[in-house]
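Text of the file input-v5.cif, holding mmCIF, C-alpha atoms:
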data_protein
loop_
_atom_site.label_atom_id
_atom_site.label_comp_id
_atom_site.auth_asym_id
_atom_site.auth_seq_id
_atom_site.Cartn_x
_atom_site.Cartn_y
_atom_site.Cartn_z
CA MET A 1 91.13 99.09 118.76
CA LEU A 2 94.78 98.05 118.61
CA GLY A 3 93.60 94.48 118.08
CA PHE A 4 91.60 95.59 115.04
CA ALA A 5 94.59 97.53 113.76
CA ARG A 6 96.77 94.42 113.90
CA GLN A 7 94.14 92.23 112.24
CA ASN A 8 94.95 91.12 108.69
CA SER A 9 98.51 92.47 109.04
CA LYS A 10 100.03 89.34 107.49
CA VAL A 11 97.73 89.59 104.49
CA GLU A 12 98.51 93.27 104.01
CA VAL A 13 102.26 92.68 104.24
CA SER A 14 102.09 90.00 101.58
CA MET A 15 100.29 92.35 99.19
CA ARG A 16 102.37 95.41 100.00
CA LYS A 17 104.58 96.83 97.28
CA TYR A 18 107.57 98.15 99.17
CA GLN A 19 109.00 100.05 96.19
CA PHE A 20 105.98 102.38 96.45
CA ASP A 21 107.11 103.49 99.91
CA GLY A 22 110.18 105.16 98.41
CA ILE A 23 108.20 106.77 95.60
CA ARG A 24 105.56 108.08 98.01
CA PHE A 25 108.28 109.51 100.26
CA VAL A 26 109.82 111.41 97.33
CA LEU A 27 106.38 112.70 96.30
CA PHE A 28 105.59 113.70 99.88
CA LEU A 29 108.90 115.52 100.15
CA MET A 30 108.19 117.42 96.91
CA VAL A 31 104.70 118.43 98.05
CA PHE A 32 105.90 119.37 101.55
CA ALA A 33 108.76 121.48 100.19
CA THR A 34 106.44 123.20 97.70
CA HIS A 35 103.92 123.96 100.45
CA TYR A 36 106.68 125.36 102.64
CA HIS A 37 108.29 127.59 100.03
CA PRO A 38 106.61 127.36 96.59
CA MET A 39 108.74 129.68 94.49
CA PRO A 40 112.14 127.91 94.37
CA LEU A 41 110.55 124.54 93.57
CA LYS A 42 108.17 125.23 90.71
CA VAL A 43 109.12 121.91 89.10
CA ALA A 44 107.53 120.17 92.07
CA TYR A 45 104.40 122.28 92.04
CA LEU A 46 101.13 120.70 93.15
CA GLY A 47 99.96 120.28 89.57
CA TYR A 48 102.52 117.50 89.21
CA ALA A 49 103.47 115.94 92.54
CA LEU A 50 100.15 115.96 94.42
CA PRO A 51 98.00 114.23 91.76
CA VAL A 52 100.56 111.41 91.51
CA PHE A 53 100.52 111.09 95.31
CA PHE A 54 96.72 110.82 95.21
CA VAL A 55 96.89 108.18 92.45
CA MET A 56 99.21 106.06 94.57
CA SER A 57 96.98 106.55 97.62
CA GLY A 58 94.00 105.22 95.67
CA PHE A 59 96.05 102.24 94.48
CA LEU A 60 97.37 101.33 97.94
CA ILE A 61 94.08 101.86 99.79
CA THR A 62 92.24 99.66 97.28
CA ASN A 63 94.82 96.91 97.90
CA VAL A 64 94.32 97.27 101.65
CA LEU A 65 90.53 97.08 101.32
CA MET A 66 90.67 94.01 99.11
CA SER A 67 93.10 92.24 101.45
CA ALA A 68 90.61 92.28 104.35
CA ASN A 69 89.52 88.74 105.19
CA ASP A 70 86.74 89.51 107.67
CA PRO A 71 83.54 87.91 106.34
CA THR A 72 81.25 90.74 107.46
CA LEU A 73 80.93 94.25 106.09
CA GLY A 74 80.94 95.72 109.59
CA GLY A 75 84.14 93.87 110.47
CA LYS A 76 85.92 95.05 107.33
CA LEU A 77 84.92 98.65 107.89
CA LYS A 78 85.83 98.50 111.58
CA THR A 79 89.29 97.18 110.78
CA PHE A 80 89.93 99.73 108.04
CA TYR A 81 88.67 102.79 109.92
CA SER A 82 90.47 101.85 113.13
CA ARG A 83 93.74 101.53 111.23
CA ARG A 84 93.25 104.91 109.55
CA ILE A 85 92.33 106.56 112.86
CA LEU A 86 95.40 105.20 114.64
CA ARG A 87 97.72 106.11 111.78
CA ILE A 88 96.53 109.62 110.90
CA CYS A 89 94.33 111.20 113.55
CA PRO A 90 96.76 111.51 116.52
CA SER A 91 99.40 113.52 114.67
CA TYR A 92 96.86 115.53 112.67
CA PHE A 93 94.76 116.61 115.64
CA LEU A 94 97.87 117.27 117.73
CA VAL A 95 99.03 119.80 115.12
CA VAL A 96 95.57 121.35 114.77
CA LEU A 97 95.01 121.62 118.53
CA LEU A 98 98.45 123.15 119.05
CA LEU A 99 97.71 125.76 116.39
CA ILE A 100 94.36 126.50 118.01
CA ALA A 101 96.02 126.82 121.43
CA LEU A 102 98.52 129.26 119.97
CA GLY A 103 95.67 131.26 118.43
CA ASP A 104 97.23 130.72 115.02
CA LEU A 105 94.47 128.92 113.13
CA THR A 106 91.71 130.59 111.14
CA HIS A 107 88.40 128.67 110.81
CA PRO A 108 89.44 125.92 113.28
CA LEU A 109 86.17 124.00 112.98
CA SER A 110 86.82 123.43 109.27
CA TYR A 111 90.17 121.86 110.14
CA LEU A 112 88.74 119.70 112.92
CA LEU A 113 86.08 118.32 110.55
CA TYR A 114 88.47 117.83 107.60
CA LEU A 115 86.58 120.47 105.62
CA VAL A 116 89.22 123.16 105.20
CA ASN A 117 89.24 122.59 101.43
CA VAL A 118 85.48 123.16 101.30
CA LYS A 119 85.89 126.37 103.32
CA LEU A 120 88.61 127.54 100.95
CA PHE A 121 86.37 126.94 97.93
CA SER A 122 83.34 128.65 99.45
CA LEU A 123 85.34 131.78 100.31
CA SER A 124 87.16 131.83 96.98
CA ILE A 125 83.96 131.99 94.90
CA SER A 126 84.19 135.74 95.42
CA LEU A 127 87.92 136.39 95.20
CA PRO A 128 87.72 140.13 96.06
CA HIS A 129 85.78 139.27 99.23
CA GLY A 130 87.54 140.67 102.29
CA GLU A 131 87.40 137.47 104.36
CA PHE A 132 88.94 135.40 101.60
CA HIS A 133 91.63 137.99 100.89
CA SER A 134 92.67 138.29 104.54
CA TRP A 135 92.74 134.51 105.04
CA PHE A 136 94.53 133.59 101.84
CA VAL A 137 97.08 136.39 101.90
CA GLY A 138 97.60 136.55 105.65
CA ALA A 139 97.11 132.99 106.91
CA TRP A 140 96.76 130.41 104.14
CA HIS A 141 100.46 130.06 103.37
CA ARG A 142 101.25 129.96 107.08
CA GLU A 143 98.68 127.54 108.43
CA SER A 144 96.85 125.69 105.69
CA MET A 145 99.13 124.61 102.87
CA HIS A 146 100.09 121.34 104.56
CA LEU A 147 96.59 120.45 105.78
CA TRP A 148 94.11 120.94 102.92
CA SER A 149 95.35 117.91 100.94
CA LEU A 150 95.10 115.71 104.03
CA SER A 151 91.49 116.84 104.38
CA VAL A 152 90.78 115.64 100.83
CA GLU A 153 92.44 112.30 101.53
CA GLU A 154 90.43 111.78 104.69
CA GLN A 155 87.18 112.58 102.90
CA PHE A 156 88.13 109.96 100.33
CA TYR A 157 89.09 107.39 102.99
CA ILE A 158 85.75 107.87 104.77
CA LEU A 159 83.55 107.43 101.68
CA TYR A 160 85.45 105.11 99.36
CA PRO A 161 85.38 101.91 101.50
CA LEU A 162 81.60 102.17 101.72
CA VAL A 163 81.27 102.59 97.94
CA LEU A 164 83.68 99.73 97.18
CA TYR A 165 82.25 97.21 99.64
CA LEU A 166 78.62 98.01 98.86
CA THR A 167 79.18 97.55 95.12
CA PRO A 168 78.78 93.91 94.02
CA THR A 169 82.05 92.42 92.79
CA ARG A 170 80.80 92.01 89.23
CA HIS A 171 79.98 95.73 89.03
CA ARG A 172 83.12 97.18 90.61
CA THR A 173 84.94 97.81 87.33
CA LEU A 174 81.96 99.80 86.05
CA MET A 175 81.66 101.64 89.37
CA LEU A 176 85.33 102.70 89.37
CA PHE A 177 85.26 103.90 85.77
CA SER A 178 82.02 105.74 86.56
CA LEU A 179 83.72 107.51 89.47
CA LEU A 180 86.53 108.48 87.13
CA GLY A 181 84.15 109.79 84.47
CA LEU A 182 81.98 111.70 86.94
CA SER A 183 85.03 113.38 88.43
CA ILE A 184 86.22 114.53 85.00
CA VAL A 185 82.74 115.89 84.31
CA ALA A 186 82.82 117.69 87.68
CA ARG A 187 86.18 119.25 86.80
CA PHE A 188 84.82 120.71 83.55
CA TRP A 189 81.62 121.85 85.29
CA PHE A 190 83.54 123.72 87.98
CA MET A 191 85.94 125.05 85.35
CA ALA A 192 83.02 126.48 83.38
CA TYR A 193 81.09 128.03 86.28
CA TYR A 194 83.83 128.81 88.83
CA PRO A 195 86.94 129.38 86.72
CA LYS A 196 88.82 131.45 89.31
CA SER A 197 87.83 129.56 92.44
CA PHE A 198 89.66 126.79 94.24
CA TYR A 199 87.49 124.02 92.77
CA GLY A 200 90.59 121.87 92.33
CA THR A 201 90.76 121.36 96.10
CA LEU A 202 87.35 119.67 96.25
CA LEU A 203 86.86 115.91 96.51
CA PRO A 204 84.59 115.64 93.40
CA VAL A 205 87.49 116.97 91.32
CA CYS A 206 90.36 115.25 93.17
CA THR A 207 88.53 111.92 92.95
CA GLU A 208 89.82 111.66 89.38
CA TYR A 209 93.33 111.12 90.73
CA PHE A 210 92.31 108.63 93.42
CA ALA A 211 90.10 106.77 90.94
CA TRP A 212 92.96 106.10 88.53
CA GLY A 213 94.86 104.37 91.32
CA CYS A 214 91.74 102.47 92.38
CA VAL A 215 91.08 101.30 88.81
CA PHE A 216 94.58 99.92 88.33
CA ALA A 217 94.62 98.22 91.74
CA TRP A 218 91.29 96.55 91.00
CA LEU A 219 92.27 95.47 87.49
CA GLU A 220 95.58 94.13 88.77
CA ALA A 221 93.77 92.09 91.43
CA GLN A 222 91.54 90.67 88.68
CA LYS A 223 94.64 89.67 86.64
CA ARG A 224 93.54 91.95 83.82
CA LEU A 225 96.76 93.95 83.47
CA THR A 226 98.95 91.18 82.10
CA LEU A 227 99.34 92.96 78.74
CA LEU A 228 100.75 96.09 80.36
CA ALA A 229 104.38 94.99 80.49
CA PRO A 230 106.67 97.54 82.21
CA GLY A 231 109.10 97.49 79.28
CA TRP A 232 106.79 99.43 76.97
CA THR A 233 104.24 101.05 79.32
CA LEU A 234 106.87 103.40 80.76
CA GLY A 235 107.92 104.58 77.32
CA THR A 236 104.34 104.92 76.14
CA SER A 237 103.32 106.87 79.25
CA THR A 238 106.29 109.20 78.84
CA LEU A 239 105.39 109.80 75.20
CA VAL A 240 101.78 110.59 76.10
CA VAL A 241 102.89 113.07 78.76
CA VAL A 242 105.23 114.81 76.30
CA ILE A 243 102.45 115.03 73.70
CA LEU A 244 99.96 116.47 76.23
CA VAL A 245 102.47 119.06 77.42
CA ALA A 246 103.18 120.01 73.79
CA VAL A 247 99.45 120.36 73.06
CA GLU A 248 98.98 122.49 76.17
CA HIS A 249 101.88 124.71 75.16
CA GLN A 250 100.53 125.09 71.63
CA LEU A 251 97.04 125.95 72.87
CA GLY A 252 98.36 128.27 75.55
CA HIS A 253 96.47 126.43 78.32
CA GLY A 254 99.13 125.55 80.87
CA GLN A 255 98.19 122.53 83.05
CA PHE A 256 94.73 122.27 81.46
CA LEU A 257 95.33 118.64 80.42
CA GLN A 258 97.46 117.67 83.41
#

Here is the file; what I need is its structure written in the form of structure tokens.
Amino acid sequence: MLGFARQNSKVEVSMRKYQFDGIRFVLFLMVFATHYHPMPLKVAYLGYALPVFFVMSGFLITNVLMSANDPTLGGKLKTFYSRRILRICPSYFLVVLLLIALGDLTHPLSYLLYLVNVKLFSLSISLPHGEFHSWFVGAWHRESMHLWSLSVEEQFYILYPLVLYLTPTRHRTLMLFSLLGLSIVARFWFMAYYPKSFYGTLLPVCTEYFAWGCVFAWLEAQKRLTLLAPGWTLGTSTLVVVILVAVEHQLGHGQFLQ
């Protein structure tokens, strides 16, 4: 397995954008601090830091997938999954198993299967329900705040390589924009039918963030982003964000257009 993990390392290094490591660390620190003690750090709340972290994850993972030089689908998937397993699983399962051994983890099977976000949503459909209330108020902030987002990422890492590799190259742009569109539709559907539930923790909704990163990584690899010069895209993006925040404020729908 270690041999597979080392495979294609030279290719990945050549495509790696080291400046993203610093940005991802800052985003991780913001999310971690907010999970640990939300109130003093409202500026770093999940509505801002976590989506950007997911966007960058989609961008970087797409670069990794496209850098694979194994000629077979099975070889590409084996290399990718082995690298993810070696990088994430040991520390994650060590934490989960320690919490289980200490008797300090509610719904352990959901954590072991990377489905804690699904469990949270299913219990939150009926907010006054006793089981949800006892878990969220008594245990969620203690045991789950750091782990639900990792569950979403792992769900994405498991499914996305299959979707990308099984889509013919000529159709990948359409596929990625379709993922983006379907996720936005899913967000509005959940918003309409489950307005008070934790639908925002589900992969169909969070895919919107990952998909933006995937789209830009794919278009960059196809040399189709040459018009997006950094000199004006940063200013334009900032202006768009300011306008959206102003619209939200005027409509009284905080974070609706985030």

Restrict the calculation to only C-alpha atoms, then for each residue of range 38-130 of chain A with any atom at most 12 Å from an atom of range 176-191 of chain A give the closest atom pair and their distance in Å to one decimal, rows by chain and rising residue number, as a tab-separated table.
residue	atom	partner	partner_atom	distance
A:Val55	CA	A:Leu180	CA	11.6
A:Gly58	CA	A:Leu176	CA	11.0
A:Phe59	CA	A:Leu176	CA	11.9
A:Thr62	CA	A:Leu176	CA	10.9
A:Phe121	CA	A:Phe190	CA	10.8
A:Ile125	CA	A:Phe190	CA	10.8

Given the PyMOL selection byres ((chain A and resi 74-81) around 8) and the file above, list the residues it selects as a PDB file with C-alpha atoms, keeping the file's coordinate frame.
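For reference, selection_5.pdb as written:
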ATOM      1  CA  PHE A   4      91.600  95.590 115.040  1.00  0.00           C
ATOM      2  CA  ALA A   5      94.590  97.530 113.760  1.00  0.00           C
ATOM      3  CA  GLN A   7      94.140  92.230 112.240  1.00  0.00           C
ATOM      4  CA  LEU A  65      90.530  97.080 101.320  1.00  0.00           C
ATOM      5  CA  ALA A  68      90.610  92.280 104.350  1.00  0.00           C
ATOM      6  CA  ASN A  69      89.520  88.740 105.190  1.00  0.00           C
ATOM      7  CA  ASP A  70      86.740  89.510 107.670  1.00  0.00           C
ATOM      8  CA  PRO A  71      83.540  87.910 106.340  1.00  0.00           C
ATOM      9  CA  THR A  72      81.250  90.740 107.460  1.00  0.00           C
ATOM     10  CA  LEU A  73      80.930  94.250 106.090  1.00  0.00           C
ATOM     11  CA  SER A  82      90.470 101.850 113.130  1.00  0.00           C
ATOM     12  CA  ARG A  83      93.740 101.530 111.230  1.00  0.00           C
ATOM     13  CA  ARG A  84      93.250 104.910 109.550  1.00  0.00           C
ATOM     14  CA  ILE A  85      92.330 106.560 112.860  1.00  0.00           C
ATOM     15  CA  ILE A 158      85.750 107.870 104.770  1.00  0.00           C
ATOM     16  CA  PRO A 161      85.380 101.910 101.500  1.00  0.00           C
ATOM     17  CA  LEU A 162      81.600 102.170 101.720  1.00  0.00           C
TER      18      LEU A 162
END

Q: Kindly indicate which residue among A:Arg170, A:Glu131, A:Val247, A:Tyr157 lies nearest to Thr207 in chain A, using all atoms listed in the file for the distances.
A: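 Among the listed residues, A:Tyr157 lies closest to Thr207 in chain A.
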
Q: Write out as a PyMOL selection string each polymer residue whose atoms come within 9 Å of Asp104 in chain A, counting only C-alpha atoms; drop sequence neighbours fewer than 3 positions from it.
A: chain A and resi 98-101+139+142-143

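Minimum atom-to-atom distance to Ser134 in chain A, evaluated using only C-alpha atoms, belongs to A:Thr106 out of A:Thr238, A:Thr106, A:Ser67, A:Ser197.
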
Assuming 6 Å of padding per side, give the centre and edge lengths of the axis-aligned box around every listed atom of range 190-205 of chain A, in Å to one decimal and as AutoDock Vina command-line options.
--center_x 85.9 --center_y 123.5 --center_z 89.9 --size_x 21.7 --size_y 27.8 --size_z 25.1

Q. Which value, in Å to one decimal, gives the distance between CA of Leu147 in chain A and CA of Met56 in chain A?
A. 18.4 Å

Q) Of the candidates A:Tyr199, A:Trp148, A:Tyr194, A:Phe136, which one gets nearest to Leu112 in chain A if we count only C-alpha atoms? A) A:Trp148

**Q.** Coordinates-based distance that separates CA of Ala217 in chain A from CA of Tyr92 in chain A (Å, one decimal)
**A.**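 Straight-line distance from CA of Tyr92 in chain A to CA of Ala217 in chain A works out to 27.3 Å.
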
Q.
Can you measure CA of Tyr111 in chain A to CA of Leu97 in chain A for me? One decimal in Å is fine.
A.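 Taking CA of Tyr111 in chain A and CA of Leu97 in chain A, their separation equals 9.7 Å.
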
Report as an mmCIF file with C-alpha atoms, in the coordinates of the input all protein, DNA and RNA residues lying within 12 Å of Ala221 in chain A, evaluated on all atoms listed in the file, omitting residues in the same chain fewer than 2 positions from it.
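So the final result, stored in result37.cif, reads:
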data_model
loop_
_atom_site.group_PDB
_atom_site.id
_atom_site.type_symbol
_atom_site.label_atom_id
_atom_site.label_comp_id
_atom_site.auth_asym_id
_atom_site.auth_seq_id
_atom_site.Cartn_x
_atom_site.Cartn_y
_atom_site.Cartn_z
ATOM 1 C CA MET A 15 100.290 92.350 99.190
ATOM 2 C CA PHE A 59 96.050 102.240 94.480
ATOM 3 C CA LEU A 60 97.370 101.330 97.940
ATOM 4 C CA THR A 62 92.240 99.660 97.280
ATOM 5 C CA ASN A 63 94.820 96.910 97.900
ATOM 6 C CA VAL A 64 94.320 97.270 101.650
ATOM 7 C CA LEU A 65 90.530 97.080 101.320
ATOM 8 C CA MET A 66 90.670 94.010 99.110
ATOM 9 C CA SER A 67 93.100 92.240 101.450
ATOM 10 C CA THR A 169 82.050 92.420 92.790
ATOM 11 C CA ARG A 172 83.120 97.180 90.610
ATOM 12 C CA THR A 173 84.940 97.810 87.330
ATOM 13 C CA CYS A 214 91.740 102.470 92.380
ATOM 14 C CA VAL A 215 91.080 101.300 88.810
ATOM 15 C CA PHE A 216 94.580 99.920 88.330
ATOM 16 C CA ALA A 217 94.620 98.220 91.740
ATOM 17 C CA TRP A 218 91.290 96.550 91.000
ATOM 18 C CA LEU A 219 92.270 95.470 87.490
ATOM 19 C CA LYS A 223 94.640 89.670 86.640
ATOM 20 C CA ARG A 224 93.540 91.950 83.820
ATOM 21 C CA LEU A 225 96.760 93.950 83.470
ATOM 22 C CA THR A 226 98.950 91.180 82.100
#

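Here the question is which of A:Gln222, A:His146, A:Phe156, A:Ser126 gets nearest to Glu208 in chain A using all atoms listed in the file, and that residue is A:Phe156.
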
Q.
Ranking A:Leu251, A:Leu127, A:Ala211, A:Leu150 by minimum distance to Met175 in chain A and counting only C-alpha atoms, which one comes first?
A.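 Closest residue, counting only C-alpha atoms: A:Ala211.
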
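With the shown file loaded, the PyMOL selection byres ((chain A and resi 24) around 10) picks out Gln19, Phe20, Asp21, Gly22, Ile23, Phe25, Val26, Leu27, Phe28, Leu29, Met30, Ala49, Val52, Phe53, Phe54, Met56 and Ser57 of chain A.
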